[in-house]
>>> print(open('entry.txt').read())   # compact mmCIF, C-alpha atoms
# COMPACT_ATOMS: atom_id res chain seq x y z
CA MET A 77 13.46 -32.19 -41.63
CA ARG A 78 15.29 -34.51 -39.25
CA SER A 79 14.48 -33.19 -35.78
CA VAL A 80 11.77 -31.29 -33.89
CA CYS A 81 12.90 -29.34 -30.83
CA MET A 82 9.92 -28.27 -28.71
CA TYR A 83 10.24 -25.74 -25.89
CA PHE A 84 7.55 -24.34 -23.57
CA GLN A 85 7.67 -21.23 -21.37
CA LEU A 86 5.84 -21.33 -18.02
CA HIS A 87 5.37 -18.06 -16.16
CA GLN A 88 3.01 -16.15 -13.92
CA PRO A 89 4.04 -12.82 -12.39
CA TYR A 90 3.17 -11.25 -9.07
CA ARG A 91 0.83 -8.50 -10.25
CA LEU A 92 0.68 -5.17 -8.47
CA LYS A 93 -2.44 -4.25 -6.55
CA TRP A 94 -4.28 -0.99 -7.13
CA PHE A 95 -2.09 1.01 -4.83
CA TRP A 96 -3.21 3.34 -2.09
CA PRO A 97 -1.06 3.87 1.02
CA ASP A 98 -2.35 1.90 3.97
CA ASP A 99 -0.93 0.14 7.03
CA SER A 100 0.23 -2.98 5.19
CA LYS A 101 3.95 -3.60 5.01
CA GLY A 102 6.42 -5.63 3.01
CA PHE A 103 5.55 -7.55 -0.13
CA GLU A 104 1.78 -7.41 0.41
CA ARG A 105 1.88 -3.61 0.50
CA TYR A 106 2.41 -3.63 -3.27
CA PHE A 107 1.39 -7.02 -4.67
CA ASP A 108 -2.18 -8.35 -4.75
CA VAL A 109 -2.06 -11.78 -3.15
CA ALA A 110 -5.76 -12.56 -3.71
CA ILE A 111 -5.75 -11.74 -7.43
CA ASN A 112 -2.45 -13.52 -8.04
CA ARG A 113 -3.65 -16.65 -6.28
CA ASN A 114 -6.96 -16.58 -8.15
CA ILE A 115 -5.25 -16.34 -11.54
CA PHE A 116 -2.71 -19.02 -10.61
CA GLU A 117 -5.41 -21.47 -9.50
CA LYS A 118 -7.44 -20.84 -12.65
CA VAL A 119 -4.48 -21.46 -14.96
CA ALA A 120 -3.34 -24.44 -12.89
CA SER A 121 -6.72 -26.13 -13.28
CA LYS A 122 -7.09 -25.30 -16.99
CA CYS A 123 -3.48 -25.78 -18.10
CA TYR A 124 -0.67 -26.71 -15.71
CA LEU A 125 -2.26 -29.82 -14.23
CA PRO A 126 -4.02 -31.32 -17.29
CA ALA A 127 -1.31 -30.38 -19.82
CA THR A 128 1.56 -31.64 -17.67
CA THR A 129 -0.27 -34.84 -16.80
CA LEU A 130 -0.91 -35.48 -20.51
CA LEU A 131 2.69 -34.70 -21.49
CA ALA A 132 3.99 -37.03 -18.79
CA GLU A 133 1.71 -39.80 -20.10
CA LEU A 134 2.98 -39.21 -23.65
CA VAL A 135 6.58 -39.40 -22.48
CA ASP A 136 5.88 -42.73 -20.78
CA GLN A 137 3.90 -44.03 -23.76
CA HIS A 138 6.67 -43.33 -26.27
CA GLU A 139 9.44 -44.75 -24.07
CA GLY A 140 12.07 -42.10 -24.73
CA ASP A 141 11.12 -41.11 -28.27
CA PHE A 142 9.05 -38.09 -27.25
CA LYS A 143 11.20 -35.33 -25.74
CA PHE A 144 10.85 -31.60 -25.18
CA SER A 145 12.14 -28.76 -22.99
CA VAL A 146 10.58 -26.30 -20.55
CA SER A 147 11.56 -23.37 -18.38
CA ILE A 148 9.58 -22.36 -15.32
CA THR A 149 10.15 -18.93 -13.83
CA GLY A 150 11.00 -18.54 -10.17
CA THR A 151 7.85 -16.49 -9.65
CA LEU A 152 5.68 -19.38 -10.85
CA LEU A 153 7.65 -21.97 -8.87
CA SER A 154 7.15 -19.91 -5.72
CA GLN A 155 3.40 -19.73 -6.41
CA CYS A 156 3.29 -23.50 -6.84
CA GLU A 157 5.04 -23.94 -3.49
CA LYS A 158 2.59 -21.67 -1.70
CA TRP A 159 -0.71 -22.40 -3.41
CA ASN A 160 -0.69 -25.84 -5.03
CA PRO A 161 2.18 -28.29 -4.44
CA ASP A 162 0.38 -30.76 -6.73
CA VAL A 163 1.58 -28.66 -9.66
CA LEU A 164 5.15 -29.04 -8.46
CA ASP A 165 4.59 -32.79 -8.22
CA VAL A 166 3.64 -33.07 -11.91
CA PHE A 167 6.62 -30.91 -12.89
CA ASN A 168 8.82 -33.29 -10.90
CA ARG A 169 7.29 -36.18 -12.80
CA LEU A 170 8.59 -34.58 -16.01
CA ALA A 171 12.01 -34.06 -14.46
CA ASP A 172 12.17 -37.69 -13.32
CA SER A 173 11.38 -38.93 -16.83
CA LYS A 174 14.83 -37.83 -18.15
CA CYS A 175 13.07 -37.00 -21.45
CA VAL A 176 12.38 -33.38 -20.53
CA GLU A 177 15.17 -30.79 -20.43
CA PHE A 178 14.69 -27.91 -18.01
CA LEU A 179 16.18 -24.56 -19.01
CA ASP A 180 17.41 -21.63 -16.94
CA GLU A 181 16.35 -18.00 -17.22
CA THR A 182 16.03 -14.91 -15.02
CA ASN A 183 14.35 -15.88 -11.77
CA TYR A 184 11.82 -13.03 -11.91
CA HIS A 185 11.16 -13.09 -15.68
CA SER A 186 12.75 -9.67 -15.61
CA LEU A 187 14.28 -7.11 -17.97
CA ALA A 188 17.61 -7.21 -16.10
CA GLY A 189 19.36 -8.45 -19.25
CA LEU A 190 18.78 -4.97 -20.74
CA PHE A 191 20.83 -3.24 -18.01
CA ASP A 192 24.24 -1.96 -19.10
CA SER A 193 25.78 -3.80 -16.15
CA LYS A 194 24.99 -7.51 -16.15
CA ASP A 195 25.48 -7.96 -12.38
CA GLU A 196 21.76 -8.10 -11.56
CA PHE A 197 21.18 -10.36 -14.55
CA ARG A 198 23.83 -12.79 -13.27
CA GLU A 199 22.29 -12.74 -9.77
CA GLU A 200 18.86 -13.62 -11.12
CA VAL A 201 20.17 -16.39 -13.35
CA LYS A 202 22.00 -17.96 -10.40
CA ALA A 203 18.89 -17.64 -8.23
CA HIS A 204 16.83 -19.44 -10.87
CA HIS A 205 19.45 -22.17 -11.28
CA ASP A 206 19.54 -22.76 -7.51
CA LEU A 207 15.75 -22.80 -7.16
CA THR A 208 15.24 -25.15 -10.10
CA SER A 209 17.91 -27.46 -8.75
CA ASP A 210 16.36 -27.42 -5.28
CA LEU A 211 12.73 -27.97 -6.31
CA LEU A 212 13.12 -30.14 -9.41
CA GLY A 213 16.50 -31.80 -8.94
CA VAL A 214 17.86 -30.58 -12.29
CA LYS A 215 20.86 -28.45 -13.26
CA PRO A 216 20.08 -26.69 -16.53
CA GLN A 217 22.81 -26.30 -19.15
CA VAL A 218 20.77 -24.33 -21.72
CA PHE A 219 19.43 -20.80 -21.27
CA ARG A 220 16.49 -18.77 -22.50
CA ASN A 221 16.22 -15.13 -21.57
CA THR A 222 12.95 -13.45 -20.65
CA GLU A 223 10.70 -13.50 -23.74
CA LEU A 224 13.70 -14.67 -25.81
CA LEU A 225 15.34 -11.22 -25.48
CA TYR A 226 18.72 -11.53 -27.14
CA ASN A 227 21.68 -9.43 -28.16
CA ASN A 228 25.42 -9.99 -28.39
CA SER A 229 26.10 -8.88 -24.81
CA VAL A 230 23.40 -11.20 -23.41
CA ALA A 231 24.90 -14.11 -25.36
CA GLU A 232 28.39 -13.26 -24.12
CA THR A 233 27.23 -13.06 -20.50
CA VAL A 234 25.30 -16.32 -20.72
CA SER A 235 28.31 -18.01 -22.32
CA SER A 236 30.54 -16.76 -19.49
CA LEU A 237 28.17 -18.40 -16.99
CA GLY A 238 28.88 -21.79 -18.56
CA TYR A 239 25.73 -22.42 -20.59
CA LYS A 240 26.22 -24.26 -23.85
CA ALA A 241 23.22 -22.92 -25.77
CA ILE A 242 20.73 -20.05 -25.78
CA LEU A 243 17.29 -19.75 -27.39
CA THR A 244 15.97 -16.77 -29.32
CA GLU A 245 13.60 -15.73 -32.10
CA GLY A 246 14.16 -16.46 -35.79
CA VAL A 247 13.82 -12.83 -36.88
CA ASP A 248 13.57 -12.52 -40.66
CA GLN A 249 15.60 -9.29 -40.93
CA LEU A 250 18.41 -10.88 -38.96
CA LEU A 251 18.42 -14.21 -40.79
CA GLU A 252 17.90 -12.62 -44.21
CA SER A 253 17.96 -15.58 -46.63
CA ARG A 254 18.99 -18.08 -43.96
CA SER A 255 16.65 -20.55 -42.27
CA PRO A 256 15.92 -20.77 -38.51
CA ASN A 257 16.01 -24.55 -38.88
CA HIS A 258 19.70 -24.89 -38.06
CA VAL A 259 22.11 -24.46 -35.16
CA TYR A 260 23.95 -21.16 -35.17
CA LYS A 261 26.83 -19.72 -33.15
CA ALA A 262 26.79 -16.41 -31.24
CA LYS A 263 29.19 -13.72 -32.38
CA ASP A 264 32.53 -13.60 -30.54
CA CYS A 265 31.68 -16.25 -27.94
CA ASP A 266 31.42 -20.01 -27.71
CA ILE A 267 27.69 -20.61 -27.31
CA ALA A 268 25.20 -22.23 -29.68
CA VAL A 269 22.05 -20.34 -30.71
CA LEU A 270 18.72 -22.05 -31.45
CA MET A 271 16.26 -19.86 -33.34
CA ARG A 272 12.49 -20.19 -33.17
CA ASN A 273 10.55 -21.04 -36.31
CA TYR A 274 7.81 -18.54 -35.57
CA LYS A 275 5.44 -19.56 -38.34
CA MET A 276 5.26 -23.23 -37.42
CA SER A 277 5.17 -22.32 -33.70
CA ASP A 278 2.39 -19.76 -34.11
CA ASP A 279 0.30 -22.15 -36.19
CA ILE A 280 -0.24 -23.98 -32.91
CA GLY A 281 0.14 -21.20 -30.35
CA TYR A 282 -1.98 -18.49 -32.01
CA ARG A 283 -3.88 -19.81 -35.02
CA PHE A 284 -5.01 -23.22 -33.77
CA SER A 285 -8.59 -22.17 -32.98
CA ALA A 286 -8.84 -19.28 -35.48
CA LYS A 287 -11.83 -20.09 -37.69
CA TRP A 288 -10.87 -17.30 -40.12
CA TRP A 289 -7.59 -19.13 -40.86
CA GLU A 290 -7.58 -20.85 -44.24
CA GLU A 291 -5.92 -23.91 -42.68
CA TYR A 292 -8.53 -24.30 -39.92
CA PRO A 293 -8.98 -26.83 -38.44
CA LEU A 294 -5.38 -27.76 -37.67
CA THR A 295 -4.84 -31.48 -37.08
CA ALA A 296 -1.73 -33.23 -35.79
CA ASP A 297 -1.37 -35.06 -39.11
CA LYS A 298 -1.54 -31.82 -41.12
CA TRP A 299 1.03 -30.11 -38.90
CA ALA A 300 3.37 -33.11 -39.02
CA CYS A 301 3.15 -33.10 -42.84
CA TRP A 302 4.16 -29.44 -42.87
CA ALA A 303 7.04 -30.22 -40.52
CA SER A 304 8.29 -33.04 -42.71
CA LYS A 305 8.51 -30.65 -45.68
CA GLU A 306 10.57 -28.06 -43.82
CA GLN A 307 14.20 -27.85 -44.93
CA GLY A 308 17.02 -27.96 -42.40
CA ASP A 309 18.30 -29.90 -39.40
CA CYS A 310 16.03 -28.90 -36.51
CA LEU A 311 12.57 -27.38 -36.42
CA ASN A 312 12.53 -25.20 -33.29
CA ILE A 313 8.99 -24.92 -31.93
CA PHE A 314 8.90 -22.52 -28.99
CA MET A 315 5.64 -21.37 -27.37
CA ASP A 316 3.82 -20.49 -24.17
CA TYR A 317 2.80 -23.52 -22.11
CA GLU A 318 -0.54 -21.78 -21.52
CA THR A 319 -1.32 -22.55 -25.17
CA PHE A 320 -2.68 -25.84 -23.82
CA GLY A 321 -5.93 -25.13 -22.04
CA GLU A 322 -5.65 -21.39 -21.36
CA HIS A 323 -4.97 -19.53 -24.62
CA GLN A 324 -6.50 -22.42 -26.56
CA TRP A 325 -9.32 -23.80 -24.42
CA ALA A 326 -9.92 -27.50 -23.99
CA ASP A 327 -13.08 -27.40 -26.12
CA SER A 328 -10.97 -26.16 -29.07
CA GLY A 329 -9.49 -29.66 -29.31
CA ILE A 330 -5.98 -28.55 -28.32
CA PHE A 331 -5.46 -31.49 -25.94
CA ASP A 332 -6.56 -33.96 -28.61
CA PHE A 333 -4.07 -32.31 -30.98
CA LEU A 334 -1.29 -32.61 -28.39
CA ARG A 335 -2.17 -36.23 -27.66
CA ALA A 336 -1.90 -37.17 -31.33
CA LEU A 337 1.16 -35.06 -32.21
CA PRO A 338 4.04 -37.33 -31.11
CA ASN A 339 2.78 -40.30 -33.13
CA GLU A 340 2.21 -38.21 -36.23
CA VAL A 341 5.67 -36.62 -36.09
CA LEU A 342 7.47 -39.88 -35.35
CA ASN A 343 5.58 -41.63 -38.17
CA LYS A 344 7.05 -39.07 -40.58
CA GLY A 345 10.55 -40.25 -39.65
CA ILE A 346 11.31 -37.13 -37.58
CA GLU A 347 12.95 -37.33 -34.16
CA PHE A 348 12.11 -35.29 -31.08
CA ASN A 349 15.24 -33.82 -29.52
CA THR A 350 15.97 -31.53 -26.58
CA PRO A 351 18.13 -28.42 -27.10
CA SER A 352 21.18 -30.17 -25.65
CA GLU A 353 20.70 -33.08 -28.02
CA VAL A 354 20.27 -30.76 -31.00
CA ILE A 355 23.57 -28.97 -30.45
CA GLU A 356 25.29 -32.32 -30.02
CA LYS A 357 23.84 -33.68 -33.26
CA TYR A 358 24.28 -30.67 -35.54
CA ASP A 359 27.17 -28.26 -36.06
CA PRO A 360 26.56 -24.50 -36.35
CA VAL A 361 26.07 -23.40 -39.94
CA ASP A 362 26.78 -19.70 -39.41
CA GLU A 363 27.22 -16.90 -36.89
CA ILE A 364 24.45 -14.74 -35.40
CA ASP A 365 25.26 -11.05 -34.92
CA VAL A 366 22.48 -8.77 -33.66
CA GLY A 367 24.73 -5.73 -33.37
CA ASP A 368 23.00 -3.95 -36.24
CA PHE A 369 19.52 -4.93 -35.06
CA ASN A 370 19.73 -3.99 -31.40
CA THR A 371 17.87 -6.46 -29.14
CA ILE A 372 15.47 -9.05 -30.55
CA SER A 373 12.65 -10.97 -28.85
CA TRP A 374 9.66 -13.14 -29.73
CA ALA A 375 7.11 -10.46 -28.80
CA ASP A 376 4.66 -8.75 -31.14
CA MET A 377 5.10 -8.10 -34.84
CA GLU A 378 8.26 -6.06 -34.30
CA ARG A 379 10.11 -8.81 -32.40
CA ASP A 380 12.21 -6.28 -30.51
CA THR A 381 11.98 -4.54 -27.10
CA SER A 382 9.00 -2.36 -28.02
CA ALA A 383 6.58 -4.67 -26.17
CA TRP A 384 8.10 -3.38 -22.90
CA LEU A 385 9.92 -0.16 -23.83
CA GLY A 386 7.99 1.09 -26.84
CA ASN A 387 6.46 4.23 -25.32
CA ASP A 388 7.55 7.01 -22.96
CA MET A 389 5.55 5.61 -20.02
CA GLN A 390 7.29 2.25 -20.25
CA ARG A 391 10.75 3.76 -20.64
CA ARG A 392 10.25 6.16 -17.73
CA CYS A 393 9.04 3.43 -15.39
CA PHE A 394 11.87 1.11 -16.41
CA GLU A 395 14.56 3.78 -15.97
CA GLU A 396 13.22 4.82 -12.56
CA ALA A 397 13.17 1.22 -11.35
CA LYS A 398 16.66 0.60 -12.70
CA ARG A 399 18.12 3.73 -11.06
CA LEU A 400 16.70 2.71 -7.70
CA GLY A 401 18.58 -0.60 -7.72
CA PRO A 402 21.92 0.49 -6.19
CA TYR A 403 20.13 2.23 -3.30
CA VAL A 404 17.96 -0.82 -2.63
CA LYS A 405 21.01 -3.05 -2.49
CA ARG A 406 22.80 -0.66 -0.14
CA THR A 407 20.08 -1.32 2.44
CA LYS A 408 21.01 -5.03 2.50
CA ASP A 409 17.38 -5.57 3.51
CA PRO A 410 16.21 -8.91 2.01
CA GLU A 411 12.56 -7.83 1.90
CA LEU A 412 13.26 -4.55 0.10
CA ILE A 413 15.60 -6.29 -2.35
CA ASN A 414 12.96 -8.94 -3.04
CA ILE A 415 10.32 -6.29 -3.76
CA TRP A 416 12.65 -4.41 -6.12
CA LYS A 417 13.51 -7.54 -8.06
CA HIS A 418 9.81 -8.28 -8.55
CA LEU A 419 9.33 -4.73 -9.86
CA LEU A 420 11.69 -5.65 -12.71
CA THR A 421 9.33 -8.41 -13.91
CA SER A 422 8.63 -7.78 -17.58
CA ASP A 423 4.84 -8.10 -17.24
CA HIS A 424 4.49 -4.75 -15.44
CA TYR A 425 5.92 -2.93 -18.46
CA TYR A 426 4.09 -5.19 -20.91
CA TYR A 427 0.74 -4.06 -19.48
CA MET A 428 1.70 -0.43 -20.27
CA SER A 429 1.90 -1.06 -24.01
CA THR A 430 -0.33 1.15 -26.16
CA LYS A 431 -0.21 -1.06 -29.24
CA TRP A 432 -3.49 -1.80 -31.01
CA LEU A 433 -5.25 -4.70 -32.71
CA GLY A 434 -3.93 -8.24 -32.09
CA ASP A 435 -0.82 -7.17 -30.21
CA GLY A 436 -2.91 -4.95 -27.95
CA ASP A 437 -5.19 -7.87 -27.06
CA VAL A 438 -2.20 -9.98 -26.05
CA HIS A 439 -0.82 -7.19 -23.85
CA SER A 440 -4.08 -6.87 -21.92
CA TYR A 441 -4.36 -10.62 -21.28
CA PHE A 442 -4.02 -11.36 -17.53
CA SER A 443 -3.72 -7.62 -16.76
CA ILE A 444 -5.79 -6.30 -13.86
CA HIS A 445 -5.66 -2.76 -15.29
CA THR A 446 -8.39 -1.15 -17.38
CA SER A 447 -5.87 0.59 -19.64
CA PRO A 448 -2.10 0.84 -20.23
CA TYR A 449 -2.23 4.36 -18.78
CA ASP A 450 -3.70 3.05 -15.53
CA ALA A 451 -0.97 0.41 -15.43
CA ALA A 452 1.74 3.07 -15.74
CA ILE A 453 0.15 5.43 -13.19
CA ASN A 454 -0.23 2.59 -10.70
CA PHE A 455 3.36 1.43 -11.23
CA ILE A 456 4.70 4.94 -10.58
CA ALA A 457 2.57 5.22 -7.44
CA VAL A 458 4.02 1.94 -6.17
CA LEU A 459 7.55 2.93 -7.12
CA LEU A 460 7.37 6.33 -5.40
CA ASP A 461 6.05 4.79 -2.20
CA PHE A 462 8.67 2.03 -2.35
CA LYS A 463 11.39 4.61 -3.01
CA SER A 464 10.42 6.47 0.16
CA CYS A 465 10.69 3.20 2.11
CA VAL A 466 14.17 2.58 0.69
CA PHE A 467 15.49 6.05 1.52
CA ARG A 468 13.91 5.94 4.97
CA LYS A 469 15.81 2.73 5.60
CA LEU A 470 19.06 4.28 4.36
CA ALA A 471 18.52 7.31 6.62
CA GLU A 472 18.04 5.00 9.60
CA MET A 473 21.26 3.19 8.74
CA ASP A 474 23.18 6.50 8.58
CA ALA A 475 21.71 7.86 11.82
>>> encode(input="entry.txt", output="structure tokens")
Amino acid sequence: MRSVCMYFQLHQPYRLKWFWPDDSKGFERYFDVAINRNIFEKVASKCYLPATTLLAELVDQHEGDFKFSVSITGTLLSQCEKWNPDVLDVFNRLADSKCVEFLDETNYHSLAGLFDSKDEFREEVKAHHDLTSDLLGVKPQVFRNTELLYNNSVAETVSSLGYKAILTEGVDQLLESRSPNHVYKAKDCDIAVLMRNYKMSDDIGYRFSAKWWEEYPLTADKWACWASKEQGDCLNIFMDYETFGEHQWADSGIFDFLRALPNEVLNKGIEFNTPSEVIEKYDPVDEIDVGDFNTISWADMERDTSAWLGNDMQRRCFEEAKRLGPYVKRTKDPELINIWKHLLTSDHYYYMSTKWLGDGDVHSYFSIHTSPYDAAINFIAVLLDFKSCVFRKLAEMDA
């Protein structure tokens, strides 16, 4: 192995409140400000501030040899602006280092990329690009869709927007005998595809503190040895940023692992590269065509769209929200449009999943609902009330 390409996703949604019609109006009629702020502040103290401070120190310590990439959703950036600008400051420290590549995505961490029309998807990508540029002073050239959702039409749309690479999951059925540890090319368009090595990523993200795991405890030296034995050009390690301090608590030793990792990897003769550097260094070895596999993602065992659209409740809620879009946009009301876009955030549908065992535990994490059925009922209640507001506005416009 010659190169390690690390990428971290940072996201917090605006969760819905338990809805009952009252006199409140606008955004706060549907979204629970108190709960969202409480969760943000908890994760900021456990993860965003300590992890980012440590990563910035490691970047400085290694003087350009330690590099990685991140994407921060617009919903999280807006929470940082409102509730803790210190978090934005540490993100800016990463941006100023020139060793961290910031990626674009949908502004609302939404499922808009699954719409037949890609107009809303394009709007959200542009909104994220503008916000990231404004707050962090960067202009991303690489894209990652919500939860690494990927198909040929998403790749084609992203390519048409000028991005030079897109990230997705290294799905075994798609790769067949091929390795995720190479650069690939999307079918019928000129964009590079970087595929996640899910085993090596999940060794850190999911199994790090699992005492039942035969490889427990995981040390930086052990992981670096595994990496050095991987075959290929680039080892793509993609994971949630909340791995550091939230999913894996500080007392698990995750920060000590992170602190030691750059030295151990570099000592094995492996470089750290950003996605842009990887596609400059290595040529595509083959083409990626997901036409026969529908849409892929990094979620759950299935690695498809079933995390959000796997049951009738999820599909019904998604279709109803999607159908409402043209009417919302006809109002030209910024507040109504903003609410609708936040209703497309993938987390709402994720909380409705009825999967069991390990996947079910992940779906309930950060959810305020007692069950997926409650999540769906509450979403429909919100949507019906919001729909009445939209059509009332349209009636006023026509009067």
>>> closest_residue(input="entry.txt", among="A:Asp309, A:Asp409, A:Asp365, A:Asp388", to="Glu252 of chain A", atoms="only C-alpha atoms")
A:Asp365
>>> atom_distance(input="entry.txt", atom1="atom CA of Asn312 of chain A", atom2="atom CA of Lys261 of chain A")
15.3 Å
>>> closest_residue(input="entry.txt", among="A:Cys81, A:Phe219, A:Ala383, A:Glu472", to="Met276 of chain A", atoms="all atoms listed in the file")
A:Cys81
>>> residues_near_point(input="entry.txt", point="(8.6, -10.2, -20.1)", cutoff="9 Å", atoms="all atoms listed in the file", output="number ranges by chain")
A: 185-187, 222-225, 375, 383-384, 421-426
>>> residues_around(input="entry.txt", residues="Val404 of chain A", least_positions_apart="3", cutoff="10 Å", atoms="only C-alpha atoms", output="JSON, numbers by chain")
{"A": [399, 400, 401, 407, 408, 409, 410, 411, 412, 413, 414, 415, 416, 417, 462, 463, 465, 466, 467, 469, 470]}
>>> residues_around(input="entry.txt", residues="Ala188 of chain A", least_positions_apart="5", cutoff="12 Å", atoms="all atoms listed in the file", output="ChimeraX atom specification")
/A:181-183,193-201,221-222,225-226,230,394-395,397-398,401,416-422
>>> closest_residue(input="entry.txt", among="A:Ile456, A:Pro216, A:Leu190, A:Asp248", to="Leu385 of chain A", atoms="all atoms listed in the file")
A:Leu190
>>> atom_distance(input="entry.txt", atom1="atom CA of Asn114 of chain A", atom2="atom CA of Lys202 of chain A")
29.1 Å
>>> closest_residue(input="entry.txt", among="A:Thr295, A:Asn273, A:Thr233, A:Asn228", to="Leu334 of chain A", atoms="all atoms listed in the file")
A:Thr295
>>> residues_around(input="entry.txt", residues="Ile115 of chain A", least_positions_apart="5", cutoff="12 Å", atoms="all atoms listed in the file", output="VMD selection string")
chain A and resid 87 to 91 108 to 110 120 to 123 152 155 159 322 441 to 444
>>> closest_residue(input="entry.txt", among="A:Ile313, A:Ile346, A:Ala471, A:Leu250", to="Asn227 of chain A", atoms="only C-alpha atoms")
A:Leu250
>>> residues_around(input="entry.txt", residues="Gly345 of chain A", least_positions_apart="2", cutoff="9 Å", atoms="all atoms listed in the file", output="NGL selection string")
:A and (77-79 or 304 or 341-343 or 347)
>>> closest_residue(input="entry.txt", among="A:Phe142, A:Phe95, A:Ala286, A:Cys301", to="Leu459 of chain A", atoms="all atoms listed in the file")
A:Phe95
>>> atom_distance(input="entry.txt", atom1="atom CA of Asp136 of chain A", atom2="atom CA of Phe167 of chain A")
14.2 Å
>>> residues_around(input="entry.txt", residues="Thr319 of chain A", least_positions_apart="3", cutoff="9 Å", atoms="all atoms listed in the file", output="PDB file with C-alpha atoms, in the coordinates of the input")
ATOM      1  CA  CYS A 123      -3.480 -25.780 -18.100  1.00  0.00           C
ATOM      2  CA  ILE A 280      -0.240 -23.980 -32.910  1.00  0.00           C
ATOM      3  CA  GLY A 281       0.140 -21.200 -30.350  1.00  0.00           C
ATOM      4  CA  TYR A 282      -1.980 -18.490 -32.010  1.00  0.00           C
ATOM      5  CA  MET A 315       5.640 -21.370 -27.370  1.00  0.00           C
ATOM      6  CA  ASP A 316       3.820 -20.490 -24.170  1.00  0.00           C
ATOM      7  CA  GLU A 322      -5.650 -21.390 -21.360  1.00  0.00           C
ATOM      8  CA  HIS A 323      -4.970 -19.530 -24.620  1.00  0.00           C
ATOM      9  CA  GLN A 324      -6.500 -22.420 -26.560  1.00  0.00           C
ATOM     10  CA  TRP A 325      -9.320 -23.800 -24.420  1.00  0.00           C
ATOM     11  CA  ILE A 330      -5.980 -28.550 -28.320  1.00  0.00           C
TER      12      ILE A 330
END
